[in-house]
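What follows is a short report on a single structure.
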There are 2 protein chains.
Amino acid sequence: MLIDGKRFRSIWLADDARSVLIIDQRRLPFTVEVETIRSCRQMVTAIRDMHLRGAPLIGAAAAYGVYLVCLELADLGSAAFEKGLQRAIAELNASRPTAVNLRWALERQRTALAACASVKDKVGAARRTADAVAEEDVAICARLGRHGADLLAEMSAGLGGRPINVLTHCNAGWLATVDLGTVTSVIYEAAGRGIPLHVWVDETRPRNQGALTSWELGQNGVDNTVICDNAGGHLMQHGMVDVVIVGTDRTARNGDVANKIGTYLKALAAHDTRVPFYVALPSPSFDPDTPVGVGLIPIEERDSREVLTVRGYGDGHERTVQLFADGTTAANYAFDVTPARFVTGYITEHGVFGPDTLAPGLAGSRHG
Amino acid sequence: MLIDGKRFRSIWLADDARSVLIIDQRRLPFTVEVETIRSCRQMVTAIRDMHLRGAPLIGAAAAYGVYLVCLELADLGSAAFEKGLQRAIAELNASRPTAVNLRWALERQRTALAACASVKDKVGAARRTADAVAEEDVAICARLGRHGADLLAEMSAGLGGRPINVLTHCNAGWLATVDLGTVTSVIYEAAGRGIPLHVWVDETRPRNQGALTSWELGQNGVDNTVICDNAGGHLMQHGMVDVVIVGTDRTARNGDVANKIGTYLKALAAHDTRVPFYVALPSPSFDPDTPVGVGLIPIEERDSREVLTVRGYGDGHERTVQLFADGTTAANYAFDVTPARFVTGYITEHGVFGPDTLAPGLAGSRHG
């Protein structure tokens with residue numbers, strides 16, 4: 001999508017195919033900085049410390065991490081290569097616990113590489129697989145966006161020309177994927193069809209991914225308003241939200257949705273006020289191996305400094321400021337799980353499903 | 001309550017009784033600064049710009065504002081005095097829209113002053129009424145705290161000695177009242193009785209009153225942990241919250257509760273997870289003249305800069321930093337209304353009531 005009118009993806013292979021380029025999202029929206037990732041270890045850091053984030057992008061980044069380690073190990077013998085590869089895959093797999101795309105992408109690499117006899121073939125296969133994961137992600141997001149836009153078109157038809165008000169939480173934007181986004185693919189596609197719309201963007205503490213969402217929507221011409229995470233219930237109670245659409249880091253077989261902390265609260269408000277609540281779910285974020293989400297999907301706890309401080313811009317500089325008194329204790333749960341009973345539907349690249357039709361609808365689709 | 005071991009109230013009359021002293025809460029928890037309020041106009045600014053906040057404290061501040069304007073007008077003739085007084089009362093009344101304590105305190109002053117014949121008598125009555133509003137607030141909070149602590153004692157008895165986990169939103173602390181607080185009066189009383197407890201403190205964006213709550217609990221020896229506003233649902237879903245207790249800026253006759261934006265979301269989560277949800281409600285915050293809260297209690301919209309920026313501490317200075325890209329639009333609704341059906345009970349100075357027994361229970365109690 002566009003930054004200052006220029007097309008970008010969130011991750012791409014360098015021209016010499018020896019390194020991977022990403023946008024360092026920690027500095028957005030204040031500074032657009034491209035970071036060069038030259039090793040798998042550097043990719044692990046980028047994922048863990050959230051230079052990049054978003055379940056689909058984490059998947060692509062992990063796939064490229066495997067390619068980078070293959071390059072690093074290419075001159076070693078087969079046994080040393082295999083040992084190094086397995087260690088790297090384990091490190092990538094442990095870099096973040098909740099997004100299932102990470103495990104899915106690593107499994108794809110593992111399968112692809114196992115089919116190759118020589119180290120040289122493995123290096124080639126790792127690159128092709130990483131590229132395929134990235135390209136497929138774009139294609140999945142595009143298809144998902146069209147199904148979602150069909151939904152919005154239907155809803156919009158009943159509004160007499162006024163903009164449809166979409167509320168979203170966190171950044172399920174192009175910055176969370178390779179391009180287009182999941183929730184934002186729906187929005188960009190709908191906007192492209194001329195459906196009038198306005199987006200309420202949850203700030204999404206503690207890391208304020210709402211700042212990414214608002215920025216990317218603005219850069220791509222979509223009208224939006226930032227609100228505190230506290231405000232969504234009030235807006236829904238007063239008829240100011242027509243539909244909630246959120247992303248997901250992992251959706252269990254029964255339809256329980258792990259997503260950024262606070263999603264569950266929005267789902268409850270939508271349910272109480274009869275606002276439809278949709279999840280934009282690319283099939284690589286669906287986890288048929290986890291039967292139920294609540295209690296079974298691992299919820300990442302991150303450093304409490306993410307709560308106790310915030311990064312912003314002041315006096316001409318990016319700055320981190322302390323928000324609480326010295327010695328304050330904080331807890332930082334990064335995700336929560338929304339029970340399937342609060343979900344109206346799942347917008348996937350294969351169409352829109354309800355909680356009961358989701359697992360059969362996506363059966364077999366994850367073998368990309 | 002205590003700051004660095006020394007007893008403070010949040011508002012008090014200066015020794016010469018010509019000005020009113022308050023703690024400027026905009027600078028907490030980083031700096032404890034006492035501000036001298038010398039005129040009614042200055043008090044209007046202090047209320048509107050939130051040098052002080054919290055419904056009960058706003059009531060006391062408004063009462064003292066009337067006293068200050070009486071001093072200012074004391075040398076004028078009766079007609080000019082009356083005209084100035086009415087204008088000042090109107091300005092105080094317009095300073096913030098949601099807390100009903102403001103209107104209640106001004107009505108008390110109006111009634112008290114109407115009963116006096118001379119300007120001199122009115123000045124004396126205004127001072128006595130303001131002092132009475134402040135003293136009664138402390139007494140109400142003390143009684144409310146004892147009723148609430150009885151509840152916590154009962155709950156605690158079933159926990160086998162582990163601390164009872166209380167979640168609260170915003171600051172219904174001694175800083176929101178003249179002393180003791182509403183929610184915190186319950187907590188301080190329970191802690192004083194030796195009931196083991198731990199408080200989850202919602203950060204409470206956009207103004208982060210959670211920083212006040214965490215700081216005052218810490219200053220008064222109560223174990224607490226700050227969380228983002230997004231986290232409460234996850235904690236309740238995982239059995240980590242035993243009871244939610246929040247304050248209120250205005251509770252309607254039917255029991256609908258206006259309180260800091262985001263309260264409704266916590267009530268929904270408590271309801272979904274069967275966690276008891278209590279409202280600490282001093283009778284001056286009860287509004288029997290508003291039959292239903294949702295749609296009828298006015299919800300203040302404040303400056304969007306409160307959302308777009310945040311005040312913190314960095315590099316040795318209090319600083320305001322920008323959180324979003326230049327040109328971002330934000331909305332800032334300051335309160336929401338929790339429907340009575342989500343409230344387990346109301347902890348008042350007259351005992352604990354349910355939604356059905358609240359109005360009869362408090363009938364007549366607001367004529368202080």
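Chain labels A, B, ... are given in the sequence in which chains occur in the structure tokens; within each chain residues are numbered consecutively from 1, and ligands are likewise numbered from 1 in the order shown.
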Legend entry - Residue neighbourhood Glu189 (chain B), 12 Å, only C-alpha atoms, exclusion window fewer than 2 positions, as a PyMOL selection string: chain B and resi 141-153+180-187+191-197+220+222
Closest atom pairs, chain B residues within 7 Å of chain A, only C-alpha atoms, as JSON lines:
{"residue": "B:Pro29", "atom": "CA", "partner": "A:Ala325", "partner_atom": "CA", "distance": 5.6}
{"residue": "B:Phe30", "atom": "CA", "partner": "A:Ala325", "partner_atom": "CA", "distance": 6.3}
{"residue": "B:Arg205", "atom": "CA", "partner": "A:Cys228", "partner_atom": "CA", "distance": 6.4}
{"residue": "B:Pro206", "atom": "CA", "partner": "A:Cys228", "partner_atom": "CA", "distance": 6.5}
{"residue": "B:Ala211", "atom": "CA", "partner": "A:Phe324", "partner_atom": "CA", "distance": 5.2}
{"residue": "B:Trp215", "atom": "CA", "partner": "A:Ala325", "partner_atom": "CA", "distance": 6.4}
{"residue": "B:Thr225", "atom": "CA", "partner": "A:Ala330", "partner_atom": "CA", "distance": 4.9}
{"residue": "B:Val226", "atom": "CA", "partner": "A:Ala330", "partner_atom": "CA", "distance": 4.4}
{"residue": "B:Ile227", "atom": "CA", "partner": "A:Ala331", "partner_atom": "CA", "distance": 5.6}
{"residue": "B:Cys228", "atom": "CA", "partner": "A:Arg205", "partner_atom": "CA", "distance": 6.4}
{"residue": "B:Asp229", "atom": "CA", "partner": "A:Asn230", "partner_atom": "CA", "distance": 6.7}
{"residue": "B:Asn230", "atom": "CA", "partner": "A:Gly262", "partner_atom": "CA", "distance": 3.9}
{"residue": "B:Ala231", "atom": "CA", "partner": "A:Gly262", "partner_atom": "CA", "distance": 6.0}
{"residue": "B:Gly233", "atom": "CA", "partner": "A:Leu265", "partner_atom": "CA", "distance": 6.1}
{"residue": "B:His234", "atom": "CA", "partner": "A:Asp336", "partner_atom": "CA", "distance": 5.5}
{"residue": "B:Ile261", "atom": "CA", "partner": "A:Asn230", "partner_atom": "CA", "distance": 5.6}
{"residue": "B:Gly262", "atom": "CA", "partner": "A:Asn230", "partner_atom": "CA", "distance": 3.9}
{"residue": "B:Tyr264", "atom": "CA", "partner": "A:Gly233", "partner_atom": "CA", "distance": 6.6}
{"residue": "B:Leu265", "atom": "CA", "partner": "A:Leu265", "partner_atom": "CA", "distance": 5.7}
{"residue": "B:Leu268", "atom": "CA", "partner": "A:Leu268", "partner_atom": "CA", "distance": 6.3}
{"residue": "B:Ala269", "atom": "CA", "partner": "A:Leu265", "partner_atom": "CA", "distance": 6.6}
{"residue": "B:Val307", "atom": "CA", "partner": "A:Cys228", "partner_atom": "CA", "distance": 6.8}
{"residue": "B:Gly312", "atom": "CA", "partner": "A:Leu323", "partner_atom": "CA", "distance": 4.8}
{"residue": "B:Tyr313", "atom": "CA", "partner": "A:Gln322", "partner_atom": "CA", "distance": 4.9}
{"residue": "B:Gly314", "atom": "CA", "partner": "A:Val321", "partner_atom": "CA", "distance": 4.6}
{"residue": "B:Thr320", "atom": "CA", "partner": "A:Gly314", "partner_atom": "CA", "distance": 6.7}
{"residue": "B:Val321", "atom": "CA", "partner": "A:Gly314", "partner_atom": "CA", "distance": 4.6}
{"residue": "B:Gln322", "atom": "CA", "partner": "A:Tyr313", "partner_atom": "CA", "distance": 4.9}
{"residue": "B:Leu323", "atom": "CA", "partner": "A:Gly312", "partner_atom": "CA", "distance": 4.8}
{"residue": "B:Phe324", "atom": "CA", "partner": "A:Ala211", "partner_atom": "CA", "distance": 5.2}
{"residue": "B:Ala325", "atom": "CA", "partner": "A:Pro29", "partner_atom": "CA", "distance": 5.6}
{"residue": "B:Thr329", "atom": "CA", "partner": "A:Thr225", "partner_atom": "CA", "distance": 5.0}
{"residue": "B:Ala330", "atom": "CA", "partner": "A:Val226", "partner_atom": "CA", "distance": 4.4}
{"residue": "B:Ala331", "atom": "CA", "partner": "A:Ile227", "partner_atom": "CA", "distance": 5.6}
{"residue": "B:Asn332", "atom": "CA", "partner": "A:Ile227", "partner_atom": "CA", "distance": 6.7}
{"residue": "B:Tyr333", "atom": "CA", "partner": "A:Ala231", "partner_atom": "CA", "distance": 6.7}
{"residue": "B:Asp336", "atom": "CA", "partner": "A:His234", "partner_atom": "CA", "distance": 5.5}
Inset, instruction - Could you give me, as an MDAnalysis selection string, each residue of region 207-274 of chain B that DSSP assigns to alpha helix (DSSP H) when run on this structure's backbone? - result: chainID B and resid 210:219 232:237 263:273
Next, write the just-selected residues to a file, as a JSON list (two decimals), in the first residue's frame, keeping N, CA and C atoms as the atom set.
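Writing the result to out_20.json gives the following:
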[["chain", "number", "residue", "atom", "x", "y", "z"],
["B", 210, "GLY", "N", -5.54, 6.06, 36.46],
["B", 210, "GLY", "CA", -4.97, 4.89, 37.13],
["B", 210, "GLY", "C", -3.63, 5.20, 37.78],
["B", 211, "ALA", "N", -2.91, 6.17, 37.22],
["B", 211, "ALA", "CA", -1.63, 6.58, 37.82],
["B", 211, "ALA", "C", -1.87, 7.22, 39.18],
["B", 212, "LEU", "N", -3.00, 7.90, 39.33],
["B", 212, "LEU", "CA", -3.37, 8.46, 40.64],
["B", 212, "LEU", "C", -3.73, 7.35, 41.61],
["B", 213, "THR", "N", -4.53, 6.39, 41.12],
["B", 213, "THR", "CA", -5.00, 5.31, 41.99],
["B", 213, "THR", "C", -3.83, 4.47, 42.47],
["B", 214, "SER", "N", -2.97, 4.09, 41.54],
["B", 214, "SER", "CA", -1.83, 3.26, 41.91],
["B", 214, "SER", "C", -0.93, 4.01, 42.90],
["B", 215, "TRP", "N", -0.73, 5.29, 42.64],
["B", 215, "TRP", "CA", 0.13, 6.10, 43.51],
["B", 215, "TRP", "C", -0.48, 6.24, 44.90],
["B", 216, "GLU", "N", -1.78, 6.55, 44.98],
["B", 216, "GLU", "CA", -2.35, 6.75, 46.32],
["B", 216, "GLU", "C", -2.46, 5.43, 47.08],
["B", 217, "LEU", "N", -2.73, 4.32, 46.37],
["B", 217, "LEU", "CA", -2.74, 3.02, 47.05],
["B", 217, "LEU", "C", -1.34, 2.70, 47.58],
["B", 218, "GLY", "N", -0.35, 2.95, 46.75],
["B", 218, "GLY", "CA", 1.03, 2.71, 47.19],
["B", 218, "GLY", "C", 1.42, 3.56, 48.39],
["B", 219, "GLN", "N", 1.05, 4.84, 48.36],
["B", 219, "GLN", "CA", 1.36, 5.76, 49.46],
["B", 219, "GLN", "C", 0.69, 5.32, 50.75],
["B", 232, "GLY", "N", -8.73, -6.10, 31.54],
["B", 232, "GLY", "CA", -9.65, -6.60, 32.57],
["B", 232, "GLY", "C", -10.46, -7.82, 32.16],
["B", 233, "GLY", "N", -10.92, -7.84, 30.91],
["B", 233, "GLY", "CA", -11.73, -8.98, 30.46],
["B", 233, "GLY", "C", -10.94, -10.27, 30.53],
["B", 234, "HIS", "N", -9.71, -10.24, 30.06],
["B", 234, "HIS", "CA", -8.84, -11.42, 30.11],
["B", 234, "HIS", "C", -8.65, -11.89, 31.55],
["B", 235, "LEU", "N", -8.39, -10.95, 32.47],
["B", 235, "LEU", "CA", -8.18, -11.33, 33.87],
["B", 235, "LEU", "C", -9.43, -11.98, 34.45],
["B", 236, "MET", "N", -10.58, -11.41, 34.17],
["B", 236, "MET", "CA", -11.83, -11.97, 34.72],
["B", 236, "MET", "C", -12.09, -13.35, 34.14],
["B", 237, "GLN", "N", -11.82, -13.50, 32.84],
["B", 237, "GLN", "CA", -12.03, -14.79, 32.17],
["B", 237, "GLN", "C", -11.16, -15.88, 32.80],
["B", 263, "THR", "N", -16.02, 2.02, 31.77],
["B", 263, "THR", "CA", -16.63, 1.28, 32.89],
["B", 263, "THR", "C", -17.61, 0.23, 32.36],
["B", 264, "TYR", "N", -18.40, 0.63, 31.36],
["B", 264, "TYR", "CA", -19.39, -0.27, 30.77],
["B", 264, "TYR", "C", -18.74, -1.56, 30.27],
["B", 265, "LEU", "N", -17.57, -1.45, 29.66],
["B", 265, "LEU", "CA", -16.88, -2.63, 29.13],
["B", 265, "LEU", "C", -16.49, -3.59, 30.26],
["B", 266, "LYS", "N", -16.10, -3.05, 31.39],
["B", 266, "LYS", "CA", -15.73, -3.90, 32.52],
["B", 266, "LYS", "C", -16.96, -4.56, 33.13],
["B", 267, "ALA", "N", -18.07, -3.82, 33.13],
["B", 267, "ALA", "CA", -19.31, -4.40, 33.64],
["B", 267, "ALA", "C", -19.75, -5.57, 32.76],
["B", 268, "LEU", "N", -19.61, -5.42, 31.45],
["B", 268, "LEU", "CA", -19.97, -6.50, 30.53],
["B", 268, "LEU", "C", -19.11, -7.74, 30.78],
["B", 269, "ALA", "N", -17.83, -7.53, 30.98],
["B", 269, "ALA", "CA", -16.92, -8.66, 31.21],
["B", 269, "ALA", "C", -17.25, -9.33, 32.54],
["B", 270, "ALA", "N", -17.55, -8.52, 33.56],
["B", 270, "ALA", "CA", -17.90, -9.08, 34.87],
["B", 270, "ALA", "C", -19.17, -9.93, 34.74],
["B", 271, "HIS", "N", -20.13, -9.40, 34.00],
["B", 271, "HIS", "CA", -21.38, -10.13, 33.80],
["B", 271, "HIS", "C", -21.13, -11.45, 33.07],
["B", 272, "ASP", "N", -20.31, -11.41, 32.02],
["B", 272, "ASP", "CA", -20.05, -12.61, 31.22],
["B", 272, "ASP", "C", -19.29, -13.66, 32.02],
["B", 273, "THR", "N", -18.49, -13.23, 32.98],
["B", 273, "THR", "CA", -17.64, -14.17, 33.72],
["B", 273, "THR", "C", -18.13, -14.38, 35.15]]
Env of Pro97 (chain A): 12 Å cut, atoms = only C-alpha atoms, seq-sep filter 3 positions within chain, self excluded. Answer as a compact mmCIF listing (two decimals) with all heavy atoms, in the first residue's frame.
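Listed below is the output, part-v5.txt:
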# COMPACT_ATOMS: atom_id res chain seq x y z
N ILE A 47 11.27 -10.03 15.30
CA ILE A 47 9.93 -10.54 15.62
C ILE A 47 9.65 -10.34 17.11
O ILE A 47 8.61 -9.80 17.50
CB ILE A 47 9.81 -12.05 15.25
CG1 ILE A 47 9.96 -12.24 13.73
CG2 ILE A 47 8.49 -12.61 15.74
CD1 ILE A 47 10.04 -13.71 13.29
N ARG A 48 10.60 -10.76 17.96
CA ARG A 48 10.38 -10.73 19.40
C ARG A 48 10.21 -9.30 19.92
O ARG A 48 9.34 -9.02 20.73
CB ARG A 48 11.56 -11.41 20.11
CG ARG A 48 11.34 -11.66 21.59
CD ARG A 48 12.65 -12.11 22.25
NE ARG A 48 13.68 -11.12 21.99
CZ ARG A 48 14.96 -11.40 21.67
NH1 ARG A 48 15.36 -12.65 21.58
NH2 ARG A 48 15.83 -10.43 21.44
N ALA A 55 0.11 -11.18 12.84
CA ALA A 55 0.28 -12.62 12.65
C ALA A 55 0.71 -13.00 11.23
O ALA A 55 1.68 -13.77 11.06
CB ALA A 55 -1.00 -13.35 13.06
N ILE A 58 4.32 -11.94 10.68
CA ILE A 58 5.22 -12.78 11.48
C ILE A 58 5.47 -14.10 10.76
O ILE A 58 6.60 -14.61 10.73
CB ILE A 58 4.64 -13.01 12.90
CG1 ILE A 58 4.72 -11.71 13.72
CG2 ILE A 58 5.36 -14.15 13.62
CD1 ILE A 58 3.97 -11.77 15.05
N ALA A 90 13.72 -23.65 15.85
CA ALA A 90 13.25 -23.63 17.24
C ALA A 90 13.28 -22.20 17.80
O ALA A 90 12.35 -21.78 18.50
CB ALA A 90 14.09 -24.56 18.10
N GLU A 91 14.34 -21.47 17.48
CA GLU A 91 14.43 -20.08 17.97
C GLU A 91 13.35 -19.19 17.36
O GLU A 91 12.74 -18.38 18.04
CB GLU A 91 15.81 -19.49 17.66
CG GLU A 91 16.87 -19.93 18.65
CD GLU A 91 18.27 -19.45 18.24
OE1 GLU A 91 18.38 -18.54 17.40
OE2 GLU A 91 19.25 -20.02 18.77
N LEU A 92 13.15 -19.35 16.07
CA LEU A 92 12.07 -18.59 15.42
C LEU A 92 10.72 -18.95 16.03
O LEU A 92 9.90 -18.08 16.33
CB LEU A 92 12.05 -18.88 13.91
CG LEU A 92 13.15 -18.21 13.08
CD1 LEU A 92 13.28 -18.89 11.72
CD2 LEU A 92 12.86 -16.71 12.90
N ASN A 93 10.51 -20.23 16.26
CA ASN A 93 9.22 -20.70 16.79
C ASN A 93 8.95 -20.14 18.18
O ASN A 93 7.79 -19.94 18.56
CB ASN A 93 9.21 -22.23 16.81
CG ASN A 93 7.80 -22.77 16.95
OD1 ASN A 93 6.86 -22.21 16.40
ND2 ASN A 93 7.65 -23.86 17.70
N ALA A 94 10.02 -19.90 18.95
CA ALA A 94 9.86 -19.41 20.32
C ALA A 94 9.80 -17.88 20.39
O ALA A 94 9.62 -17.32 21.46
CB ALA A 94 11.02 -19.92 21.18
N VAL A 100 -0.38 -18.21 15.36
CA VAL A 100 -0.16 -19.57 14.87
C VAL A 100 0.50 -19.56 13.49
O VAL A 100 1.08 -20.56 13.07
CB VAL A 100 -1.49 -20.37 14.87
CG1 VAL A 100 -2.40 -19.90 13.74
CG2 VAL A 100 -1.23 -21.87 14.77
N ASN A 101 0.44 -18.43 12.82
CA ASN A 101 1.07 -18.30 11.50
C ASN A 101 2.56 -18.61 11.55
O ASN A 101 3.14 -19.09 10.59
CB ASN A 101 0.92 -16.87 10.96
CG ASN A 101 -0.51 -16.40 11.00
OD1 ASN A 101 -1.11 -16.40 12.07
ND2 ASN A 101 -1.06 -16.03 9.86
N LEU A 102 3.18 -18.30 12.68
CA LEU A 102 4.59 -18.57 12.88
C LEU A 102 4.86 -20.07 12.74
O LEU A 102 5.69 -20.50 11.93
CB LEU A 102 4.97 -18.07 14.28
CG LEU A 102 6.40 -18.17 14.75
CD1 LEU A 102 7.32 -17.37 13.85
CD2 LEU A 102 6.51 -17.63 16.18
N ARG A 103 4.13 -20.86 13.49
CA ARG A 103 4.31 -22.31 13.45
C ARG A 103 3.97 -22.85 12.06
O ARG A 103 4.67 -23.70 11.52
CB ARG A 103 3.38 -22.94 14.50
CG ARG A 103 3.65 -24.38 14.81
CD ARG A 103 2.62 -24.92 15.81
NE ARG A 103 1.34 -25.17 15.17
CZ ARG A 103 0.18 -25.29 15.82
NH1 ARG A 103 0.14 -25.16 17.15
NH2 ARG A 103 -0.93 -25.52 15.18
N ASP A 249 -4.81 -13.45 15.79
CA ASP A 249 -3.49 -14.07 15.80
C ASP A 249 -3.60 -15.59 15.75
O ASP A 249 -2.66 -16.28 15.36
CB ASP A 249 -2.71 -13.62 17.03
CG ASP A 249 -2.42 -12.14 16.95
OD1 ASP A 249 -3.34 -11.35 17.26
OD2 ASP A 249 -1.32 -11.76 16.52
N ARG A 250 -4.75 -16.08 16.21
CA ARG A 250 -5.00 -17.51 16.14
C ARG A 250 -6.48 -17.73 16.46
O ARG A 250 -6.99 -17.25 17.46
CB ARG A 250 -4.14 -18.28 17.14
CG ARG A 250 -4.30 -19.78 17.02
CD ARG A 250 -3.64 -20.56 18.14
NE ARG A 250 -2.23 -20.28 18.35
CZ ARG A 250 -1.35 -21.20 18.78
NH1 ARG A 250 -1.74 -22.44 19.02
NH2 ARG A 250 -0.09 -20.86 19.01
N ALA A 258 -8.25 -15.65 19.37
CA ALA A 258 -7.20 -14.91 20.07
C ALA A 258 -6.84 -13.71 19.21
O ALA A 258 -6.60 -13.82 18.02
CB ALA A 258 -5.96 -15.79 20.27
N LEU A 296 -6.67 -22.56 26.16
CA LEU A 296 -5.73 -23.42 25.43
C LEU A 296 -4.76 -22.63 24.55
O LEU A 296 -3.61 -23.04 24.36
CB LEU A 296 -6.48 -24.44 24.57
CG LEU A 296 -7.20 -25.56 25.34
CD1 LEU A 296 -7.80 -26.58 24.36
CD2 LEU A 296 -6.25 -26.28 26.31
N ILE A 297 -5.20 -21.52 23.99
CA ILE A 297 -4.26 -20.72 23.19
C ILE A 297 -3.32 -20.00 24.15
O ILE A 297 -3.77 -19.32 25.08
CB ILE A 297 -5.01 -19.71 22.30
CG1 ILE A 297 -5.86 -20.45 21.25
CG2 ILE A 297 -4.02 -18.75 21.61
CD1 ILE A 297 -6.70 -19.54 20.38
N PRO A 298 -2.00 -20.15 23.98
CA PRO A 298 -1.07 -19.50 24.90
C PRO A 298 -1.14 -17.98 24.74
O PRO A 298 -1.14 -17.46 23.62
CB PRO A 298 0.31 -20.02 24.47
CG PRO A 298 0.13 -20.52 23.08
CD PRO A 298 -1.30 -20.92 22.93
N ILE A 299 -1.23 -17.28 25.87
CA ILE A 299 -1.33 -15.81 25.87
C ILE A 299 0.02 -15.24 26.31
O ILE A 299 0.46 -15.48 27.43
CB ILE A 299 -2.45 -15.34 26.80
CG1 ILE A 299 -3.81 -15.91 26.36
CG2 ILE A 299 -2.49 -13.81 26.86
CD1 ILE A 299 -4.26 -15.49 24.98
N GLU A 300 0.62 -14.50 25.44
CA GLU A 300 1.93 -13.92 25.71
C GLU A 300 1.86 -12.87 26.80
O GLU A 300 0.97 -12.01 26.79
CB GLU A 300 2.46 -13.29 24.41
CG GLU A 300 3.83 -12.66 24.52
CD GLU A 300 4.28 -12.07 23.17
OE1 GLU A 300 3.45 -11.95 22.26
OE2 GLU A 300 5.47 -11.74 23.06
N GLU A 301 2.79 -12.95 27.76
CA GLU A 301 2.97 -11.85 28.71
C GLU A 301 4.25 -11.13 28.33
O GLU A 301 5.31 -11.74 28.23
CB GLU A 301 3.10 -12.40 30.13
CG GLU A 301 1.77 -12.71 30.78
CD GLU A 301 1.96 -13.06 32.25
OE1 GLU A 301 2.33 -12.18 33.04
OE2 GLU A 301 1.74 -14.25 32.56
N ARG A 302 4.15 -9.82 28.14
CA ARG A 302 5.31 -9.06 27.71
C ARG A 302 5.83 -8.18 28.85
O ARG A 302 5.24 -8.10 29.92
CB ARG A 302 4.96 -8.24 26.46
CG ARG A 302 4.63 -9.14 25.25
CD ARG A 302 4.35 -8.35 23.99
NE ARG A 302 5.47 -7.53 23.58
CZ ARG A 302 6.50 -7.94 22.84
NH1 ARG A 302 6.56 -9.20 22.44
NH2 ARG A 302 7.46 -7.11 22.51
N ALA A 334 -0.70 -9.69 26.41
CA ALA A 334 -0.72 -9.11 25.06
C ALA A 334 -1.96 -9.48 24.25
O ALA A 334 -2.29 -8.80 23.29
CB ALA A 334 0.55 -9.50 24.31
N PHE A 335 -2.63 -10.56 24.63
CA PHE A 335 -3.77 -11.03 23.85
C PHE A 335 -4.90 -11.45 24.77
O PHE A 335 -4.69 -11.69 25.96
CB PHE A 335 -3.37 -12.24 22.96
CG PHE A 335 -2.25 -11.91 22.02
CD1 PHE A 335 -0.92 -12.14 22.39
CD2 PHE A 335 -2.51 -11.34 20.79
CE1 PHE A 335 0.12 -11.81 21.53
CE2 PHE A 335 -1.46 -11.00 19.93
CZ PHE A 335 -0.15 -11.24 20.30
Inset, instruction - For Ala112 (chain A), work out the shell of residues within 8 Å, counting only C-alpha atoms and skipping chain neighbours fewer than 6 positions away, then give it as a list in words. - result: Lys122, Ala125, Ala126 and Thr129 of chain A
